[in-house]
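Trainee: The structure that follows is given in the form of structure tokens.
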Amino acid sequence: MTSSPERWRMIGRATVTLLTAAALYEAMAQSGIFPAVLVPTLPKVAHTLLSLFSDGTMLRHAFYTLARVIFGFALAIAVGLPLGILMGRIRAVENFVLPLASALMPIPSLAWVPVFILWFGLGDTVAILIVFYAAMFPMLLNTWTGVRAVNPLWLRAAGAMGADENALFWKVIIPGASPFIITGLRQAFQRSWIAVVGAEMLAASDWGLGWIIFDAKEFLNADVMMASLAVIGGIGYAFERLVFGSLERVTVLRWGMVRAAKS
Amino acid sequence: MYREPRWRVIARNAFPFVVVVAIWEVLAHAGIFPARLFPPVETVIAAFVRLTVAGILPHHALDTVLRLSGGFMLAAIAGVAVGIAMGRWRLAEDVFLPLVSIGAPIPGLAYAPLFLLWFGLGNLSAVLLVGFVSAFPVIFNTWTGVKAVKEIWVRSAQAMGADNRRLFRHVILPGALPYILTGLRLGLAQAWRILVGVEMLAAVPWGLGWLIFGAREFLNTDVMLAGIAVIAIIGLALEKLAFQRIENFTIIRWGMMT
């Protein structure tokens with residue numbers, strides 16, 4: 001555990017740094033060296049952010065983006081998790097899927113955007129599939145590694161104590177692989193969050209946080225861009241800390257698979 | 001120990017691709033989808049050969065690789081420098097950590113329109129953006145690495161009379177190197193993942209991302225798939241050649257990792 005004074009000192013220092021950075025930026029924006037549309041002042045950005053929230057457009061953009069991410073991400077889990085487990089358990093599946101996965105993985109998901117646009121038209125399908133592609137490989141490979149990393153001693157012990165296949169799977173393999181699976185979920189989410197923003201920019205679809213940033217460029221609305229950047233960063237951070245952090249607490253930490261980091 | 005003969009390994013790895021190509025061929029020739037949108041494999045290979053011979057594909061690939069190296073160089077130099085400073089000096093840590101923690105969780109491409117607005121369409125924006133985005137993992141890992149150097153190594157080096165330069169060169173740098181390499185590797189992967197997207201957005205004259213995106217206008221699916229194949233080859237080469245080599249050469253030789 002971080003001791004309390006140390007923690008307060010860190011928060012204090014961070015506040016000072018951020019305030020200084022904000023002041024420098026503000027001075028630059030006010031000085032008029034750069035055009036005001038390109039470097040909007042902070043009150044202007046805050047005002048834009050507030051007004052986008054109060055008229056509901058920002059919520060709607062965020063809703064569309066989140067819906068796309070969640071669909072694609074769920075699809076990636078639905079495919080990647082079982083396939084990863086099968087790869088870890090059955091040799092033939094591993095031999096078949098691994099070469100394909102290694103060949104497809106180095107292709108950035110955004111490279112598929114133009115192809116998917118041709119195949120599926122502009123819109124949600126493209127964004128969801130791109131998210132799926134981006135999230136699929138971290139999910140698959142981490143699950144596979146996790147299943148293979150389960151201590152063989154545990155498997156034998158469980159077998160010796162009379163666990164059937166079913167019990168072995170749910171009580172030993174899944175908890176044993178869970179730290180890797182959760183890492184996979186985390187990485188998959190980070191990738192999908194990047195992918196969705198790119199896909200929304202390229203496969204323009206009227207709503208979505210990526211789209212609003214890209215659209216703002218046309219009208220030189222740097223304030224809208226920065227406001228949306230803040231929202232994108234905020235949502236990504238919230239997911240990372242709240243969703244995956246608590247998922248970790250209720251599973252692997254409770255099962256004693258990993259310990260919380262010291263200090 | 002029994003080792004699988006080489007030809008069997010190759011056959012085993014090739015088999016899935018043969019199956020996928022066969023399915024693709026059947027679908028493409030069945031005429032369910034328009035051939036323009038779903039070209040058979042031989043058309044894609046023909047496009048690949050044609051564009052390679054004409055020098056178009058190599059030119060696109062070269063520009064993409066140059067842009068990647070440019071951006072990555074920026075990230076590597078700035079990232080390692082900032083990371084080491086953060087690991088060594090309290091003040092640098094206090095100043096940079098909050099800024100880096102706020103900047104890092106925002107997906108790289110979200111910055112793209114802002115960079116385009118500030119630095120204009122084209123190469124400058126693309127390189128700067130790739131550098132900016134891939135610097136984050138480098139900074140974080142370098143910082144962690146420097147902090148993870150065993151205190152006892154530092155003290156014993158000092159006790160044996162090492163000055164600051166020698167301490168840095170012979171203790172801190174080798175000690176932090178596994179982390180720094182991990183950071184560089186993650187940074188390069190990150191750079192690679194967004195570069196293609198950036199090329200599509202920044203309207204650069206040459207580049208694989210642009211090639212694929214431009215081909216969309218003319219429904220040249222074969223060109224797109226040929227471009228994606230080149231992207232896959234470069235990506236694999238980056239993974240296999242660039243980093244596994246460096247790792248073998250340095251940390252394993254120094255005995256930091258086995």
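FYI, nothing fancy with the structure tokens labels: chains A, B, ... in order, residues from 1 per chain, ligands from 1 as they appear.
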At a cut-off of 8 Å, list the chain A residues touching chain B, using only C-alpha atoms, as a count of residues only.

Mentor: 41

Trainee: Quick one: residues within 10 Å of stretch 163-180 of chain A, only C-alpha atoms, excluding same-chain residues fewer than 2 positions away - as a ChimeraX atom specification?

Mentor: /A:85,89,139,141-152,154-161,182-186,248,251-253,255-258

Trainee: Skip stretch 181-187 of chain B itself and residues of its chain fewer than 4 positions away, then list as a PyMOL selection string all residues within 12 Å of it, counting only C-alpha atoms.

Mentor: chain B and resi 68-69+71-80+83+104+108+130-145+173-177+191-195+238-251

Trainee: How far is it from atom CA of A:Tyr64 to atom CA of A:Leu242, in Å with one decimal?

Mentor: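 About the pair atom CA of A:Tyr64 and atom CA of A:Leu242: they are 20.4 Å apart.
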
Trainee: Which distance in Å separates atom CA of B:Arg88 and atom CA of B:Val146, to one decimal?

Mentor: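 Computing the Euclidean distance for atom CA of B:Arg88 and atom CA of B:Val146 yields 7.3 Å.
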
Trainee: From the set B:Leu121, B:Val49, B:Val204, B:Ile180, which residue has the shortest atom-to-atom contact distance to B:Lys147, counting only C-alpha atoms?

Mentor: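 Result for the nearest residue to B:Lys147: B:Ile180.
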
Trainee: Using Å and a single decimal, report how far atom CA of B:Asn123 sits from atom CA of B:Leu211.

Mentor: 15.0 Å

Trainee: Find the residues near stretch 31-36 of chain A: any atom within 12 Å, counting only C-alpha atoms, skip ones fewer than 4 places away on the same chain, and give them as a PDB file with N, CA and C atoms, in the first residue's frame.

Mentor:
ATOM      1  N   ALA A  23      -1.677  26.497 -17.765  1.00  0.00           N
ATOM      2  CA  ALA A  23      -1.385  27.931 -17.808  1.00  0.00           C
ATOM      3  C   ALA A  23      -0.530  28.266 -19.027  1.00  0.00           C
ATOM      4  N   LEU A  24       0.487  27.409 -19.292  1.00  0.00           N
ATOM      5  CA  LEU A  24       1.346  27.637 -20.461  1.00  0.00           C
ATOM      6  C   LEU A  24       0.524  27.607 -21.742  1.00  0.00           C
ATOM      7  N   TYR A  25      -0.332  26.588 -21.828  1.00  0.00           N
ATOM      8  CA  TYR A  25      -1.153  26.453 -23.010  1.00  0.00           C
ATOM      9  C   TYR A  25      -2.053  27.670 -23.175  1.00  0.00           C
ATOM     10  N   GLU A  26      -2.649  28.071 -22.059  1.00  0.00           N
ATOM     11  CA  GLU A  26      -3.576  29.196 -22.078  1.00  0.00           C
ATOM     12  C   GLU A  26      -2.855  30.467 -22.538  1.00  0.00           C
ATOM     13  N   ALA A  27      -1.630  30.666 -21.997  1.00  0.00           N
ATOM     14  CA  ALA A  27      -0.851  31.840 -22.384  1.00  0.00           C
ATOM     15  C   ALA A  27      -0.577  31.821 -23.889  1.00  0.00           C
ATOM     16  N   PRO A  40      -7.623  26.831 -29.547  1.00  0.00           N
ATOM     17  CA  PRO A  40      -8.671  27.490 -28.761  1.00  0.00           C
ATOM     18  C   PRO A  40      -8.269  27.587 -27.294  1.00  0.00           C
ATOM     19  N   THR A  41      -8.764  28.601 -26.622  1.00  0.00           N
ATOM     20  CA  THR A  41      -8.449  28.737 -25.198  1.00  0.00           C
ATOM     21  C   THR A  41      -9.213  27.696 -24.394  1.00  0.00           C
ATOM     22  N   LEU A  42      -8.711  27.413 -23.211  1.00  0.00           N
ATOM     23  CA  LEU A  42      -9.320  26.357 -22.399  1.00  0.00           C
ATOM     24  C   LEU A  42     -10.765  26.664 -22.011  1.00  0.00           C
ATOM     25  N   LYS A  44     -12.890  28.155 -23.709  1.00  0.00           N
ATOM     26  CA  LYS A  44     -13.684  27.872 -24.899  1.00  0.00           C
ATOM     27  C   LYS A  44     -13.915  26.363 -25.045  1.00  0.00           C
ATOM     28  N   VAL A  45     -12.841  25.570 -24.844  1.00  0.00           N
ATOM     29  CA  VAL A  45     -12.982  24.115 -24.948  1.00  0.00           C
ATOM     30  C   VAL A  45     -13.971  23.612 -23.908  1.00  0.00           C
ATOM     31  N   LEU A 220     -12.721  23.441 -39.053  1.00  0.00           N
ATOM     32  CA  LEU A 220     -11.678  24.030 -38.210  1.00  0.00           C
ATOM     33  C   LEU A 220     -12.135  24.228 -36.760  1.00  0.00           C
ATOM     34  N   ASN A 221     -12.961  23.310 -36.279  1.00  0.00           N
ATOM     35  CA  ASN A 221     -13.431  23.425 -34.897  1.00  0.00           C
ATOM     36  C   ASN A 221     -12.499  22.711 -33.942  1.00  0.00           C
ATOM     37  N   ALA A 222     -11.351  23.309 -33.681  1.00  0.00           N
ATOM     38  CA  ALA A 222     -10.396  22.644 -32.793  1.00  0.00           C
ATOM     39  C   ALA A 222     -10.968  22.465 -31.390  1.00  0.00           C
ATOM     40  N   ASP A 223     -11.882  23.351 -30.995  1.00  0.00           N
ATOM     41  CA  ASP A 223     -12.462  23.199 -29.657  1.00  0.00           C
ATOM     42  C   ASP A 223     -13.311  21.938 -29.559  1.00  0.00           C
TER      43      ASP A 223
ATOM     44  N   LEU B 117      -4.678  19.431 -38.580  1.00  0.00           N
ATOM     45  CA  LEU B 117      -5.035  20.837 -38.517  1.00  0.00           C
ATOM     46  C   LEU B 117      -3.802  21.683 -38.225  1.00  0.00           C
ATOM     47  N   TRP B 118      -2.953  21.197 -37.326  1.00  0.00           N
ATOM     48  CA  TRP B 118      -1.799  21.979 -36.911  1.00  0.00           C
ATOM     49  C   TRP B 118      -0.659  21.917 -37.917  1.00  0.00           C
TER      50      TRP B 118
END

Trainee: When DSSP is applied to the backbone of this structure, which of stretch 154-248 of chain B are assigned alpha helix (DSSP H)? Write them out as a PDB file with C-alpha atoms, in the first residue's frame.

Mentor:
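Result file states31.pdb:
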ATOM      1  CA  VAL B 154      23.952   1.110  -8.173  1.00  0.00           C
ATOM      2  CA  ARG B 155      25.410   1.303  -4.665  1.00  0.00           C
ATOM      3  CA  SER B 156      28.124  -1.236  -5.322  1.00  0.00           C
ATOM      4  CA  ALA B 157      29.124   0.523  -8.531  1.00  0.00           C
ATOM      5  CA  GLN B 158      29.308   3.789  -6.627  1.00  0.00           C
ATOM      6  CA  ALA B 159      31.255   2.144  -3.824  1.00  0.00           C
ATOM      7  CA  ASN B 164      27.897   9.243 -13.015  1.00  0.00           C
ATOM      8  CA  ARG B 165      28.756   8.512 -16.608  1.00  0.00           C
ATOM      9  CA  ARG B 166      30.137   5.086 -15.910  1.00  0.00           C
ATOM     10  CA  LEU B 167      27.228   4.341 -13.611  1.00  0.00           C
ATOM     11  CA  LEU B 173      21.520   1.224 -19.144  1.00  0.00           C
ATOM     12  CA  PRO B 174      22.220  -2.530 -19.228  1.00  0.00           C
ATOM     13  CA  GLY B 175      19.977  -3.058 -16.206  1.00  0.00           C
ATOM     14  CA  ALA B 176      17.056  -1.222 -17.751  1.00  0.00           C
ATOM     15  CA  LEU B 177      17.621  -2.609 -21.220  1.00  0.00           C
ATOM     16  CA  PRO B 178      15.170  -5.527 -21.139  1.00  0.00           C
ATOM     17  CA  TYR B 179      12.416  -3.069 -20.254  1.00  0.00           C
ATOM     18  CA  ILE B 180      13.578  -0.518 -22.805  1.00  0.00           C
ATOM     19  CA  LEU B 181      13.538  -3.164 -25.518  1.00  0.00           C
ATOM     20  CA  THR B 182      10.061  -4.239 -24.496  1.00  0.00           C
ATOM     21  CA  GLY B 183       8.998  -0.609 -24.719  1.00  0.00           C
ATOM     22  CA  LEU B 184      10.572  -0.185 -28.141  1.00  0.00           C
ATOM     23  CA  ARG B 185       8.913  -3.333 -29.324  1.00  0.00           C
ATOM     24  CA  LEU B 186       5.505  -2.212 -28.087  1.00  0.00           C
ATOM     25  CA  GLY B 187       6.128   1.230 -29.551  1.00  0.00           C
ATOM     26  CA  LEU B 188       6.997  -0.183 -32.934  1.00  0.00           C
ATOM     27  CA  ALA B 189       3.904  -2.376 -32.902  1.00  0.00           C
ATOM     28  CA  GLN B 190       1.813   0.638 -31.948  1.00  0.00           C
ATOM     29  CA  ALA B 191       3.409   2.761 -34.661  1.00  0.00           C
ATOM     30  CA  TRP B 192       2.748   0.086 -37.219  1.00  0.00           C
ATOM     31  CA  ARG B 193      -0.873  -0.303 -36.194  1.00  0.00           C
ATOM     32  CA  ILE B 194      -1.748   3.346 -36.570  1.00  0.00           C
ATOM     33  CA  LEU B 195       0.519   4.253 -39.492  1.00  0.00           C
ATOM     34  CA  VAL B 196      -1.740   2.599 -42.040  1.00  0.00           C
ATOM     35  CA  GLY B 197      -4.722   4.495 -40.674  1.00  0.00           C
ATOM     36  CA  VAL B 198      -2.781   7.747 -40.606  1.00  0.00           C
ATOM     37  CA  GLU B 199      -1.781   7.314 -44.234  1.00  0.00           C
ATOM     38  CA  MET B 200      -5.415   6.955 -45.173  1.00  0.00           C
ATOM     39  CA  LEU B 201      -6.363  10.131 -43.326  1.00  0.00           C
ATOM     40  CA  ALA B 202      -3.368  12.334 -44.102  1.00  0.00           C
ATOM     41  CA  LEU B 208       0.430   1.423 -48.535  1.00  0.00           C
ATOM     42  CA  GLY B 209      -2.429   2.858 -46.502  1.00  0.00           C
ATOM     43  CA  TRP B 210      -3.084   5.378 -49.197  1.00  0.00           C
ATOM     44  CA  LEU B 211      -2.798   2.733 -51.914  1.00  0.00           C
ATOM     45  CA  ILE B 212      -5.491   0.623 -50.274  1.00  0.00           C
ATOM     46  CA  PHE B 213      -7.726   3.553 -49.492  1.00  0.00           C
ATOM     47  CA  GLY B 214      -7.361   5.033 -52.965  1.00  0.00           C
ATOM     48  CA  ALA B 215      -8.101   1.704 -54.648  1.00  0.00           C
ATOM     49  CA  ARG B 216     -11.515   1.779 -53.001  1.00  0.00           C
ATOM     50  CA  GLU B 217     -12.605   4.588 -55.312  1.00  0.00           C
ATOM     51  CA  THR B 221     -10.294  -5.022 -54.621  1.00  0.00           C
ATOM     52  CA  ASP B 222      -7.406  -6.985 -56.122  1.00  0.00           C
ATOM     53  CA  VAL B 223      -5.064  -4.028 -55.607  1.00  0.00           C
ATOM     54  CA  MET B 224      -6.295  -3.619 -52.038  1.00  0.00           C
ATOM     55  CA  LEU B 225      -5.688  -7.243 -51.186  1.00  0.00           C
ATOM     56  CA  ALA B 226      -2.247  -7.122 -52.808  1.00  0.00           C
ATOM     57  CA  GLY B 227      -1.511  -4.057 -50.646  1.00  0.00           C
ATOM     58  CA  ILE B 228      -2.714  -5.863 -47.544  1.00  0.00           C
ATOM     59  CA  ALA B 229      -0.440  -8.783 -48.396  1.00  0.00           C
ATOM     60  CA  VAL B 230       2.542  -6.407 -48.497  1.00  0.00           C
ATOM     61  CA  ILE B 231       1.430  -4.947 -45.163  1.00  0.00           C
ATOM     62  CA  ALA B 232       1.323  -8.437 -43.679  1.00  0.00           C
ATOM     63  CA  ILE B 233       4.808  -9.218 -45.007  1.00  0.00           C
ATOM     64  CA  ILE B 234       6.267  -6.012 -43.567  1.00  0.00           C
ATOM     65  CA  GLY B 235       4.522  -6.614 -40.247  1.00  0.00           C
ATOM     66  CA  LEU B 236       5.857 -10.153 -39.986  1.00  0.00           C
ATOM     67  CA  ALA B 237       9.331  -9.023 -40.972  1.00  0.00           C
ATOM     68  CA  GLN B 244      14.137 -11.006 -31.976  1.00  0.00           C
ATOM     69  CA  ARG B 245      17.597 -10.264 -33.366  1.00  0.00           C
ATOM     70  CA  ILE B 246      18.240  -7.277 -31.134  1.00  0.00           C
ATOM     71  CA  GLU B 247      17.081  -9.182 -28.116  1.00  0.00           C
TER      72      GLU B 247
END
